[in-house]
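Trainee: After the structure tokens below, expect a handful of questions from me.
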Amino acid sequence: MSAGRGPSRRHDVRDLALADEGVRRIEWADRQMPVLAAIRDRFARERPLRGRRISACLHVTAETANLMRTLYAGGADVVLCASNPLSTQDDVAAALAARYEVPTYAIRGELDDSFYAHIDAAVDHRPQLTLDDGADVIGVLHTHRREQLGDVIAATEQTATGVIRLRAMERDGVLGFPVIAVNEAQTKHLFDNRYGTGQSTLDGVIRATDMLIAGKRVVVAGYGWCGKGVAQRARGMGARVIVCEVDPLRALEAALEGLEVLPMERAAPIGDIFCTATGDRDVIRREHLEQMKDGTLLANSGHSNVEIDLPGLRAISVGAAPAREHVEGFRLADGRRLYLLSDGRLVNLESAEGQPPGVMDMTFANQALSVEYALQHPGSLERRVHGVPAAIDAEIARLKLASMGIEIDRLSELQAQYLDSWDTRR
Ligand SMILES: NC(=O)c1ccc[n+]([C@@H]2O[C@H](COP(=O)([O-])OP(=O)(O)OC[C@H]3O[C@@H](n4cnc5c(N)ncnc54)[C@H](O)[C@@H]3O)[C@@H](O)[C@H]2O)c1
């Protein structure tokens with residue numbers, strides 16, 4: 001499918017006149033997404049999703065647009081709504097609706113009423129497959145639209161936090177259909193969370209503040225895949241990195257990487273830039289905020305806007321005012337100022353452009369191939385959370401390496417037998 005077709009009949013976007021700019025942005029991203037492009041070419045020939053109704057609730061960005069084009073090329077009847085009101089690229093939403101025949105419901109900065117109405121519009125599509133980034137559509141189907149549960153063959157979930165919720169639903173026996181946890185593919189979290197979030201989080205902090213990273217004490221809360229990426233990139237730029245963790249293994253890993261590991265209460269008074277990446281709530285609390293230095297930056301790249309205690313920040317402040325776009329200064333009674341980036345929401349999505357297309361290529365290849373896999377195995381997937389099959393992971397890594405012109409060695413028959421045997425004298 002190429003740009004230039006008629007507009008979709010159904011949509012709610014800011015302004016269809018932005019479509020030309022959106023097409024340019026989508027095509028630029030596409031040049032960095034060769035794995036998805038290869039899958040799209042195959043889908044266009046084989047049409048494995050023909051006639052299937054798909055509702056996607058993802059960040060409405062140029063990379064997502066290329067996933068939508070891929071599902072459409074595979075024959076799917078696909079609609080898209082936003083998983084986060086602040087990450088929507090209005091020009092991309094316009095292009096999807098006006099040029100790529102994908103009904104799109106997303107307006108950057110939309111308030112809750114519109115945001116949830118748009119999720120409802122995606123559910124009105126009566127999906128047979130859903131794609132989520134935070135389990136929003138799955139949540140609606142399991143609460144207000146239970147009568148539609150039987151229509152759904154399978155779902156995919158892209159992010160760590162969504163998978164945690166879905167595993168809780170599986171444990172409680174309430175999951176109504178099988179879900180493939182795209183986040184758990186190695187070609188997703190090892191690359192998107194680590195290299196993508198690592199780079200784009202610092203990009204967000206820098207774009208928002210224009211601050212020199214070198215020499216600063218950067219406190220990273222959570223040393224999971226995202227936290228490792230942020231910590232490594234910050235160190236590479238000359239920051240002195242402190243890690244806060246609750247998991248002893250991950251804390252040990254950070255310590256053996258040569259990073260300083262401290263509890264938040266000890267990091268709070270010495271850090272210059274704080275970045276949470278845990279998926280947890282109240283990681284930086286009022287008692288930590290009260291100890292922070294004048295000029296401290298507070299950013300979150302984990303889940304939603306709950307990792308930094310925002311009510312606590314407001315409670316200890318005597319005034320607040322915008323300092324720059326995406327930066328709000330909170331004045332404490334003694335005159336110190338703490339600067340909150342992107343309202344405590346995902347700094348890489350709101351102050352920068354989210355993950356670079358080069359890593360979203362692999363994440364969305366997982367989405368596309370997982371949807372195809374679910375349709376190839378009707379009825380045989382149980383109602384639980386499944387990993388992405390290892391063969392899909394390997395195929396994506398193979399395609400990515402090929403696109404980079406990188407060749408690797410192959411096992412000889414003898415080596416394969418040797419590695420497969422317990423009797424190594426044979
Ligand atoms: N910004 C983005 O674009 C982006 C991309 C991918 C994932 N995410 C989100 O980032 C979060 C982390 O993802 P991940 O893949 O790194 O997950 P992960 O499970 O690998 O890591 C999370 C880490 O946080 C630690 N943690 C939990 N509570 C903590 C607390 N109170 N204090 C300190 N550490 C704590 C855990 O022990 C774990 O090591 C999730 O919410 C995920 O949805 C964001």
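In the structure tokens, the first chain shown is A, the next is B, and so on; residue numbers restart at 1 for each chain, and ligands run from 1 in the order shown.
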Quick one: residues within 12 Å of Leu375 in chain A, only C-alpha atoms counted, chain neighbours fewer than 5 positions away excluded, as a list in words?
Mentor: Arg47, Pro48, Leu49, Arg50, Gly51, Arg52, Arg53, Ile54, Gly74, Ala76, Gln128, Leu129, Val152, Ile153, Ala154, Ala155, Pro178, Ile180, Ala368, Leu369, Ser370, Ser380 and Leu381 of chain A
Trainee: Please identify every residue of chain A that has at least one atom no farther than 7 Å from an atom of ligand 1, counting only C-alpha atoms and all ligand atoms, and for each give the shortest atom pair and the distance in Å to one decimal, arranged by chain then increasing number, as CSV.
Mentor:
```
residue,atom,partner,partner_atom_place_in_ligand_line,distance
A:Thr159,CA,ligand 1,43 (O),4.7
A:Ala160,CA,ligand 1,43 (O),4.2
A:Thr161,CA,ligand 1,43 (O),4.4
A:Gly162,CA,ligand 1,43 (O),6.9
A:His189,CA,ligand 1,15 (O),6.1
A:Asp192,CA,ligand 1,6 (C),6.6
A:Asn193,CA,ligand 1,6 (C),4.4
A:Thr197,CA,ligand 1,3 (O),5.2
A:Thr201,CA,ligand 1,1 (N),6.8
A:Ala221,CA,ligand 1,33 (C),4.9
A:Gly222,CA,ligand 1,24 (O),3.6
A:Tyr223,CA,ligand 1,39 (O),4.8
A:Gly224,CA,ligand 1,21 (O),3.1
A:Trp225,CA,ligand 1,16 (O),3.8
A:Cys226,CA,ligand 1,16 (O),3.7
A:Gly227,CA,ligand 1,16 (O),5.5
A:Cys244,CA,ligand 1,33 (C),5.1
A:Glu245,CA,ligand 1,34 (N),3.7
A:Val246,CA,ligand 1,34 (N),4.8
A:Asp247,CA,ligand 1,37 (O),4.4
A:Arg250,CA,ligand 1,39 (O),5.7
A:Ala277,CA,ligand 1,11 (C),4.8
A:Thr278,CA,ligand 1,24 (O),3.5
A:Gly279,CA,ligand 1,41 (O),3.0
A:Asp280,CA,ligand 1,28 (N),4.8
A:Arg281,CA,ligand 1,31 (N),6.8
A:Asp282,CA,ligand 1,31 (N),7.0
A:Val283,CA,ligand 1,31 (N),4.6
A:Ser301,CA,ligand 1,1 (N),4.1
A:Gly302,CA,ligand 1,10 (O),3.4
A:His303,CA,ligand 1,41 (O),3.8
A:Leu346,CA,ligand 1,1 (N),5.3
A:Val347,CA,ligand 1,1 (N),7.0
A:Asn348,CA,ligand 1,1 (N),5.8
A:Leu349,CA,ligand 1,3 (O),6.4
A:Gly354,CA,ligand 1,3 (O),5.9
A:Gln355,CA,ligand 1,3 (O),6.1
```
Trainee: Near His288 in chain A, counting only C-alpha atoms, which residues have an atom at most 10 Å away, once you skip same-chain residues fewer than 5 positions from it, shown as number ranges by chain?
Mentor: A: 264-269, 283, 309, 312-313
Trainee: Please produce a file of the residues just selected, as an mmCIF file, in the first residue's frame, where the atoms kept are all heavy atoms.
Mentor:
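Saved as selection-v8.cif:
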```cif
data_model
loop_
_atom_site.group_PDB
_atom_site.id
_atom_site.type_symbol
_atom_site.label_atom_id
_atom_site.label_comp_id
_atom_site.auth_asym_id
_atom_site.auth_seq_id
_atom_site.Cartn_x
_atom_site.Cartn_y
_atom_site.Cartn_z
ATOM 1 N N MET A 264 17.297 5.046 47.612
ATOM 2 C CA MET A 264 16.856 6.367 47.160
ATOM 3 C C MET A 264 17.065 7.447 48.229
ATOM 4 O O MET A 264 17.413 8.586 47.927
ATOM 5 C CB MET A 264 15.375 6.294 46.738
ATOM 6 C CG MET A 264 14.832 7.571 46.155
ATOM 7 S SD MET A 264 15.731 8.164 44.697
ATOM 8 C CE MET A 264 15.088 7.096 43.419
ATOM 9 N N GLU A 265 16.885 7.076 49.503
ATOM 10 C CA GLU A 265 17.002 8.115 50.533
ATOM 11 C C GLU A 265 18.426 8.680 50.601
ATOM 12 O O GLU A 265 18.633 9.825 50.986
ATOM 13 C CB GLU A 265 16.538 7.603 51.907
ATOM 14 C CG GLU A 265 17.401 6.492 52.454
ATOM 15 C CD GLU A 265 16.929 6.055 53.838
ATOM 16 O OE1 GLU A 265 15.724 6.138 54.086
ATOM 17 O OE2 GLU A 265 17.789 5.621 54.633
ATOM 18 N N ARG A 266 19.422 7.875 50.181
ATOM 19 C CA ARG A 266 20.803 8.394 50.186
ATOM 20 C C ARG A 266 21.164 9.049 48.856
ATOM 21 O O ARG A 266 22.043 9.911 48.792
ATOM 22 C CB ARG A 266 21.786 7.281 50.545
ATOM 23 C CG ARG A 266 21.651 6.933 52.048
ATOM 24 C CD ARG A 266 22.609 5.869 52.482
ATOM 25 N NE ARG A 266 23.976 6.125 52.073
ATOM 26 C CZ ARG A 266 24.915 5.184 51.937
ATOM 27 N NH1 ARG A 266 24.604 3.930 52.189
ATOM 28 N NH2 ARG A 266 26.129 5.495 51.567
ATOM 29 N N ALA A 267 20.505 8.603 47.778
ATOM 30 C CA ALA A 267 20.768 9.216 46.468
ATOM 31 C C ALA A 267 20.082 10.587 46.374
ATOM 32 O O ALA A 267 20.580 11.501 45.706
ATOM 33 C CB ALA A 267 20.265 8.298 45.354
ATOM 34 N N ALA A 268 18.940 10.719 47.051
ATOM 35 C CA ALA A 268 18.119 11.934 46.893
ATOM 36 C C ALA A 268 18.897 13.234 47.120
ATOM 37 O O ALA A 268 18.798 14.156 46.300
ATOM 38 C CB ALA A 268 16.899 11.850 47.812
ATOM 39 N N PRO A 269 19.693 13.339 48.195
ATOM 40 C CA PRO A 269 20.345 14.643 48.423
ATOM 41 C C PRO A 269 21.534 14.925 47.513
ATOM 42 O O PRO A 269 22.016 16.059 47.478
ATOM 43 C CB PRO A 269 20.809 14.562 49.890
ATOM 44 C CG PRO A 269 20.699 13.156 50.302
ATOM 45 C CD PRO A 269 19.872 12.413 49.315
ATOM 46 N N VAL A 283 8.174 5.652 43.472
ATOM 47 C CA VAL A 283 9.591 5.288 43.602
ATOM 48 C C VAL A 283 10.363 6.479 44.178
ATOM 49 O O VAL A 283 11.238 6.337 45.028
ATOM 50 C CB VAL A 283 10.140 4.869 42.221
ATOM 51 C CG1 VAL A 283 11.617 4.524 42.311
ATOM 52 C CG2 VAL A 283 9.344 3.681 41.678
ATOM 53 N N ASP A 309 6.152 10.729 42.904
ATOM 54 C CA ASP A 309 4.970 11.076 43.708
ATOM 55 C C ASP A 309 4.581 12.539 43.414
ATOM 56 O O ASP A 309 5.036 13.462 44.108
ATOM 57 C CB ASP A 309 5.323 10.857 45.191
ATOM 58 C CG ASP A 309 4.244 11.376 46.134
ATOM 59 O OD1 ASP A 309 3.117 11.653 45.678
ATOM 60 O OD2 ASP A 309 4.556 11.492 47.340
ATOM 61 N N GLY A 312 2.731 14.458 46.174
ATOM 62 C CA GLY A 312 3.709 14.828 47.209
ATOM 63 C C GLY A 312 4.519 16.039 46.777
ATOM 64 O O GLY A 312 4.790 16.942 47.582
ATOM 65 N N LEU A 313 4.903 16.085 45.488
ATOM 66 C CA LEU A 313 5.683 17.223 44.981
ATOM 67 C C LEU A 313 4.856 18.508 45.090
ATOM 68 O O LEU A 313 5.353 19.554 45.532
ATOM 69 C CB LEU A 313 6.095 16.946 43.532
ATOM 70 C CG LEU A 313 6.859 18.043 42.808
ATOM 71 C CD1 LEU A 313 8.157 18.392 43.542
ATOM 72 C CD2 LEU A 313 7.183 17.638 41.355
#
```
Trainee: Write out as an mmCIF file with N, CA, C and O atoms, in the first residue's frame which residues come within 9 Å of Val79 in chain A when counting only C-alpha atoms, dropping same-chain ones fewer than 2 positions away.
Mentor:
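selection26.cif, written as the output of this step:
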```
data_model
loop_
_atom_site.group_PDB
_atom_site.id
_atom_site.type_symbol
_atom_site.label_atom_id
_atom_site.label_comp_id
_atom_site.auth_asym_id
_atom_site.auth_seq_id
_atom_site.Cartn_x
_atom_site.Cartn_y
_atom_site.Cartn_z
ATOM 1 N N HIS A 11 -12.626 8.316 11.471
ATOM 2 C CA HIS A 11 -11.405 8.754 12.132
ATOM 3 C C HIS A 11 -11.763 9.894 13.089
ATOM 4 O O HIS A 11 -12.836 10.495 12.969
ATOM 5 N N ARG A 53 -10.449 -8.584 11.623
ATOM 6 C CA ARG A 53 -10.608 -7.265 12.257
ATOM 7 C C ARG A 53 -9.591 -7.135 13.399
ATOM 8 O O ARG A 53 -9.577 -7.968 14.315
ATOM 9 N N ILE A 54 -8.769 -6.089 13.297
ATOM 10 C CA ILE A 54 -7.731 -5.874 14.312
ATOM 11 C C ILE A 54 -7.900 -4.482 14.902
ATOM 12 O O ILE A 54 -8.058 -3.499 14.171
ATOM 13 N N SER A 55 -7.863 -4.381 16.238
ATOM 14 C CA SER A 55 -7.859 -3.073 16.918
ATOM 15 C C SER A 55 -6.521 -2.917 17.631
ATOM 16 O O SER A 55 -6.163 -3.763 18.465
ATOM 17 N N ALA A 56 -5.811 -1.850 17.297
ATOM 18 C CA ALA A 56 -4.508 -1.601 17.914
ATOM 19 C C ALA A 56 -4.601 -0.355 18.785
ATOM 20 O O ALA A 56 -5.211 0.649 18.393
ATOM 21 N N CYS A 57 -4.015 -0.440 19.973
ATOM 22 C CA CYS A 57 -3.966 0.713 20.886
ATOM 23 C C CYS A 57 -2.487 0.891 21.238
ATOM 24 O O CYS A 57 -1.963 0.230 22.135
ATOM 25 N N MET A 68 1.001 -0.531 11.112
ATOM 26 C CA MET A 68 -0.378 -0.549 10.602
ATOM 27 C C MET A 68 -0.379 -0.856 9.104
ATOM 28 O O MET A 68 -1.200 -1.614 8.600
ATOM 29 N N ASP A 77 -8.332 -5.731 8.447
ATOM 30 C CA ASP A 77 -9.193 -4.550 8.559
ATOM 31 C C ASP A 77 -8.819 -3.939 9.911
ATOM 32 O O ASP A 77 -9.276 -4.395 10.953
ATOM 33 N N CYS A 81 -6.015 3.364 17.855
ATOM 34 C CA CYS A 81 -6.217 4.471 18.790
ATOM 35 C C CYS A 81 -4.940 4.615 19.608
ATOM 36 O O CYS A 81 -4.048 3.766 19.542
ATOM 37 N N VAL A 102 -6.343 3.728 7.253
ATOM 38 C CA VAL A 102 -6.405 3.132 8.586
ATOM 39 C C VAL A 102 -7.230 4.072 9.481
ATOM 40 O O VAL A 102 -6.761 5.162 9.830
ATOM 41 N N PRO A 103 -8.471 3.701 9.835
ATOM 42 C CA PRO A 103 -9.256 4.539 10.745
ATOM 43 C C PRO A 103 -8.448 4.784 12.024
ATOM 44 O O PRO A 103 -8.022 3.825 12.685
ATOM 45 N N THR A 104 -8.221 6.047 12.338
ATOM 46 C CA THR A 104 -7.330 6.388 13.446
ATOM 47 C C THR A 104 -8.045 7.361 14.377
ATOM 48 O O THR A 104 -8.667 8.319 13.917
ATOM 49 N N TYR A 105 -7.943 7.083 15.668
ATOM 50 C CA TYR A 105 -8.621 7.897 16.685
ATOM 51 C C TYR A 105 -7.570 8.364 17.672
ATOM 52 O O TYR A 105 -7.232 7.648 18.621
ATOM 53 N N ALA A 121 -13.975 3.495 20.576
ATOM 54 C CA ALA A 121 -14.166 3.423 19.119
ATOM 55 C C ALA A 121 -13.395 2.237 18.553
ATOM 56 O O ALA A 121 -13.878 1.530 17.654
ATOM 57 N N ALA A 122 -12.206 1.989 19.089
ATOM 58 C CA ALA A 122 -11.419 0.841 18.618
ATOM 59 C C ALA A 122 -12.100 -0.473 19.002
ATOM 60 O O ALA A 122 -12.080 -1.448 18.242
ATOM 61 N N HIS A 125 -15.036 -1.646 16.836
ATOM 62 C CA HIS A 125 -14.628 -2.334 15.599
ATOM 63 C C HIS A 125 -14.855 -3.857 15.705
ATOM 64 O O HIS A 125 -14.695 -4.581 14.745
#
```
Trainee: Provide the CA of Arg25 in chain A to CA of Val92 in chain A distance in Å, to one decimal place.
Mentor: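 About the pair CA of Arg25 in chain A and CA of Val92 in chain A: they are 7.3 Å apart.
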Trainee: Dump as a tab-separated table the rows for residues of range 355-382 of chain A within 12 Å of range 131-145 of chain A: closest atom pair and distance in Å with one decimal, only C-alpha atoms counted, ordered by chain and rising residue number.
Mentor:
```
residue	atom	partner	partner_atom	distance
A:Thr363	CA	A:Asp133	CA	11.5
A:Phe364	CA	A:Leu131	CA	10.5
A:Asn366	CA	A:Leu131	CA	11.3
A:Gln367	CA	A:Leu131	CA	7.7
A:Ala368	CA	A:Leu131	CA	9.7
A:Ser370	CA	A:Leu131	CA	10.0
A:Val371	CA	A:Leu131	CA	8.6
A:Ala374	CA	A:Leu131	CA	12.0
```
Trainee: What does the file look like for those residues with N, CA and C atoms, as a CSV table (one decimal), in the first residue's frame?
Mentor:
```csv
chain,number,residue,atom,x,y,z
A,363,THR,N,10.7,-4.6,17.4
A,363,THR,CA,9.5,-4.7,18.2
A,363,THR,C,8.2,-5.0,17.4
A,364,PHE,N,8.1,-4.2,16.3
A,364,PHE,CA,6.9,-4.3,15.5
A,364,PHE,C,7.0,-5.5,14.6
A,366,ASN,N,8.0,-8.3,15.7
A,366,ASN,CA,7.4,-9.2,16.7
A,366,ASN,C,5.9,-9.1,16.7
A,367,GLN,N,5.4,-7.9,16.7
A,367,GLN,CA,3.9,-7.7,16.7
A,367,GLN,C,3.3,-8.4,15.5
A,368,ALA,N,3.9,-8.1,14.3
A,368,ALA,CA,3.3,-8.6,13.1
A,368,ALA,C,3.3,-10.1,13.0
A,370,SER,N,3.7,-12.2,15.5
A,370,SER,CA,2.9,-12.8,16.6
A,370,SER,C,1.4,-12.8,16.2
A,371,VAL,N,0.9,-11.8,15.5
A,371,VAL,CA,-0.5,-11.8,15.0
A,371,VAL,C,-0.7,-12.9,14.0
A,374,ALA,N,-0.7,-16.3,15.8
A,374,ALA,CA,-2.0,-16.5,16.5
A,374,ALA,C,-3.0,-17.0,15.6
```
Trainee: As a ChimeraX atom specification, which residues of range 188-425 of chain A does DSSP assign to alpha helix (DSSP H)?
Mentor: /A:188,197-209,225-236,248-256,264-267,286-289,310-316,347-350,357-376,390-403,413-420
Trainee: If we count only C-alpha atoms and set the cut-off at 7 Å, which residues sit around His326 in chain A, ignoring sequence neighbours fewer than 5 positions away in its own chain? Please answer as JSON, numbers by chain.
Mentor: {"A": [208, 341, 342, 351]}
Trainee: With N, CA and C atoms retained, could you export that selection as an mmCIF file, in the first residue's frame?
Mentor:
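Below is the file again.cif, written as the result:
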```cif
data_model
loop_
_atom_site.group_PDB
_atom_site.id
_atom_site.type_symbol
_atom_site.label_atom_id
_atom_site.label_comp_id
_atom_site.auth_asym_id
_atom_site.auth_seq_id
_atom_site.Cartn_x
_atom_site.Cartn_y
_atom_site.Cartn_z
ATOM 1 N N ALA A 208 14.586 18.641 26.466
ATOM 2 C CA ALA A 208 13.744 19.426 27.373
ATOM 3 C C ALA A 208 14.552 20.494 28.099
ATOM 4 N N LEU A 341 10.112 17.083 34.479
ATOM 5 C CA LEU A 341 10.094 17.013 33.013
ATOM 6 C C LEU A 341 8.853 16.255 32.543
ATOM 7 N N SER A 342 8.243 16.748 31.509
ATOM 8 C CA SER A 342 7.137 16.039 30.813
ATOM 9 C C SER A 342 6.016 15.614 31.759
ATOM 10 N N SER A 351 9.121 14.462 25.423
ATOM 11 C CA SER A 351 10.081 15.526 25.145
ATOM 12 C C SER A 351 10.971 15.180 23.959
#
```
Trainee: Taking into account only C-alpha atoms, which residue in the set A:Met237, A:Ile273, A:Val318, A:Val123 is nearest to Gln199 in chain A?
Mentor: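 Among A:Met237, A:Ile273, A:Val318, A:Val123, it is A:Met237 that comes nearest to Gln199 in chain A.
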Trainee: Under the rule that only C-alpha atoms are counted, which of A:Gly109, A:Gly196, A:Ala397, A:Val163 is the nearest residue to Asn183 in chain A?
Mentor: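 The shortest atom-to-atom distance to Asn183 in chain A comes from A:Val163.
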Trainee: Measure the distance from CA of Ala365 in chain A to CA of Leu71 in chain A in Å and round it to one decimal.
Mentor: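 These atoms are spaced 10.5 Å apart.
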Trainee: Could you tell me which of A:Asp151, A:Glu260, A:Glu395, A:Glu382 comes closest to Glu170 in chain A if we count only C-alpha atoms?
Mentor: A:Glu382
Trainee: Kindly give the distance, in Å, that separates CA of Glu372 in chain A and CA of Val78 in chain A, rounded to a single decimal.
Mentor: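 Those two atoms sit 13.8 Å apart.
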Trainee: Name the residues in contact with Gly319 in chain A at a cut-off of 7 Å, using only C-alpha atoms, excluding same-chain residues fewer than 2 positions from it; report them as a VMD selection string.
Mentor: chain A and resid 317 321 330 to 331
Trainee: Those same residues, written as a compact mmCIF listing (two decimals), in the first residue's frame with C-alpha atoms?
Mentor:
```txt
# COMPACT_ATOMS: atom_id res chain seq x y z
CA SER A 317 5.71 23.27 46.80
CA ALA A 321 5.61 27.69 36.91
CA PHE A 330 8.34 23.65 41.61
CA ARG A 331 9.44 26.17 44.27
```
Trainee: Counting only C-alpha atoms, which residue out of A:Met33, A:Arg10, A:Val385, A:Ala402 sits closest to Arg171 in chain A?
Mentor: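 Closest residue, counting only C-alpha atoms: A:Val385.
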Trainee: Env of Glu110 in chain A: 12 Å cut, atoms = only C-alpha atoms, seq-sep filter 6 positions within chain, self excluded. Answer as a ChimeraX atom specification.
Mentor: /A:12-14,81-90,116-118
Trainee: Suppose we keep N, CA and C atoms; can you now write the selection as a PDB file, in the first residue's frame?
Mentor:
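Written output follows (part-v2.pdb):
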```
ATOM      1  N   ASP A  12     -10.854  10.184  13.997  1.00  0.00           N
ATOM      2  CA  ASP A  12     -10.946  11.413  14.781  1.00  0.00           C
ATOM      3  C   ASP A  12      -9.508  11.862  15.026  1.00  0.00           C
ATOM      4  N   VAL A  13      -9.053  12.766  14.178  1.00  0.00           N
ATOM      5  CA  VAL A  13      -7.677  13.252  14.271  1.00  0.00           C
ATOM      6  C   VAL A  13      -7.727  14.776  14.301  1.00  0.00           C
ATOM      7  N   ARG A  14      -6.562  15.395  14.605  1.00  0.00           N
ATOM      8  CA  ARG A  14      -6.607  16.860  14.758  1.00  0.00           C
ATOM      9  C   ARG A  14      -6.946  17.553  13.450  1.00  0.00           C
ATOM     10  N   CYS A  81      -6.015   3.364  17.855  1.00  0.00           N
ATOM     11  CA  CYS A  81      -6.217   4.471  18.790  1.00  0.00           C
ATOM     12  C   CYS A  81      -4.940   4.615  19.608  1.00  0.00           C
ATOM     13  N   ALA A  82      -4.845   5.706  20.385  1.00  0.00           N
ATOM     14  CA  ALA A  82      -3.607   6.008  21.102  1.00  0.00           C
ATOM     15  C   ALA A  82      -3.562   5.300  22.445  1.00  0.00           C
ATOM     16  N   SER A  83      -2.378   4.798  22.804  1.00  0.00           N
ATOM     17  CA  SER A  83      -2.201   4.230  24.140  1.00  0.00           C
ATOM     18  C   SER A  83      -1.719   5.293  25.121  1.00  0.00           C
ATOM     19  N   ASN A  84      -1.353   6.459  24.597  1.00  0.00           N
ATOM     20  CA  ASN A  84      -0.882   7.552  25.463  1.00  0.00           C
ATOM     21  C   ASN A  84      -1.227   8.863  24.755  1.00  0.00           C
ATOM     22  N   PRO A  85      -2.030   9.721  25.404  1.00  0.00           N
ATOM     23  CA  PRO A  85      -2.486  10.923  24.695  1.00  0.00           C
ATOM     24  C   PRO A  85      -1.363  11.905  24.373  1.00  0.00           C
ATOM     25  N   LEU A  86      -0.229  11.785  25.051  1.00  0.00           N
ATOM     26  CA  LEU A  86       0.812  12.797  24.852  1.00  0.00           C
ATOM     27  C   LEU A  86       1.868  12.385  23.843  1.00  0.00           C
ATOM     28  N   SER A  87       1.810  11.165  23.355  1.00  0.00           N
ATOM     29  CA  SER A  87       2.831  10.750  22.389  1.00  0.00           C
ATOM     30  C   SER A  87       2.324  10.808  20.949  1.00  0.00           C
ATOM     31  N   THR A  88       1.047  11.107  20.773  1.00  0.00           N
ATOM     32  CA  THR A  88       0.483  11.090  19.411  1.00  0.00           C
ATOM     33  C   THR A  88       1.155  12.134  18.522  1.00  0.00           C
ATOM     34  N   GLN A  89       1.522  11.701  17.331  1.00  0.00           N
ATOM     35  CA  GLN A  89       2.026  12.636  16.307  1.00  0.00           C
ATOM     36  C   GLN A  89       0.835  12.936  15.393  1.00  0.00           C
ATOM     37  N   ASP A  90       0.304  14.172  15.495  1.00  0.00           N
ATOM     38  CA  ASP A  90      -0.942  14.491  14.791  1.00  0.00           C
ATOM     39  C   ASP A  90      -0.809  14.338  13.280  1.00  0.00           C
ATOM     40  N   TYR A 116     -10.555   8.008  26.285  1.00  0.00           N
ATOM     41  CA  TYR A 116     -11.301   6.764  26.513  1.00  0.00           C
ATOM     42  C   TYR A 116     -12.368   6.536  25.438  1.00  0.00           C
ATOM     43  N   ALA A 117     -12.943   7.634  24.915  1.00  0.00           N
ATOM     44  CA  ALA A 117     -13.911   7.471  23.804  1.00  0.00           C
ATOM     45  C   ALA A 117     -13.211   6.863  22.593  1.00  0.00           C
ATOM     46  N   HIS A 118     -11.941   7.226  22.398  1.00  0.00           N
ATOM     47  CA  HIS A 118     -11.208   6.683  21.265  1.00  0.00           C
ATOM     48  C   HIS A 118     -10.889   5.187  21.456  1.00  0.00           C
TER      49      HIS A 118
END
```
Trainee: Write out as a PyMOL selection string the set of residues from range 278-426 of chain A that DSSP, computed on the backbone, places in strand (DSSP E or B).
Mentor: chain A and resi 284+296-300+308+317-324+327-332+337-341+346+385-387
Trainee: Identify which of the residues A:Arg69, A:Arg126, A:Arg345, A:Arg40 lies closest to Glu101 in chain A, counting only C-alpha atoms when measuring atom-to-atom distances.
Mentor: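 When distances to Glu101 in chain A are compared using only C-alpha atoms, the smallest one comes from A:Arg69.
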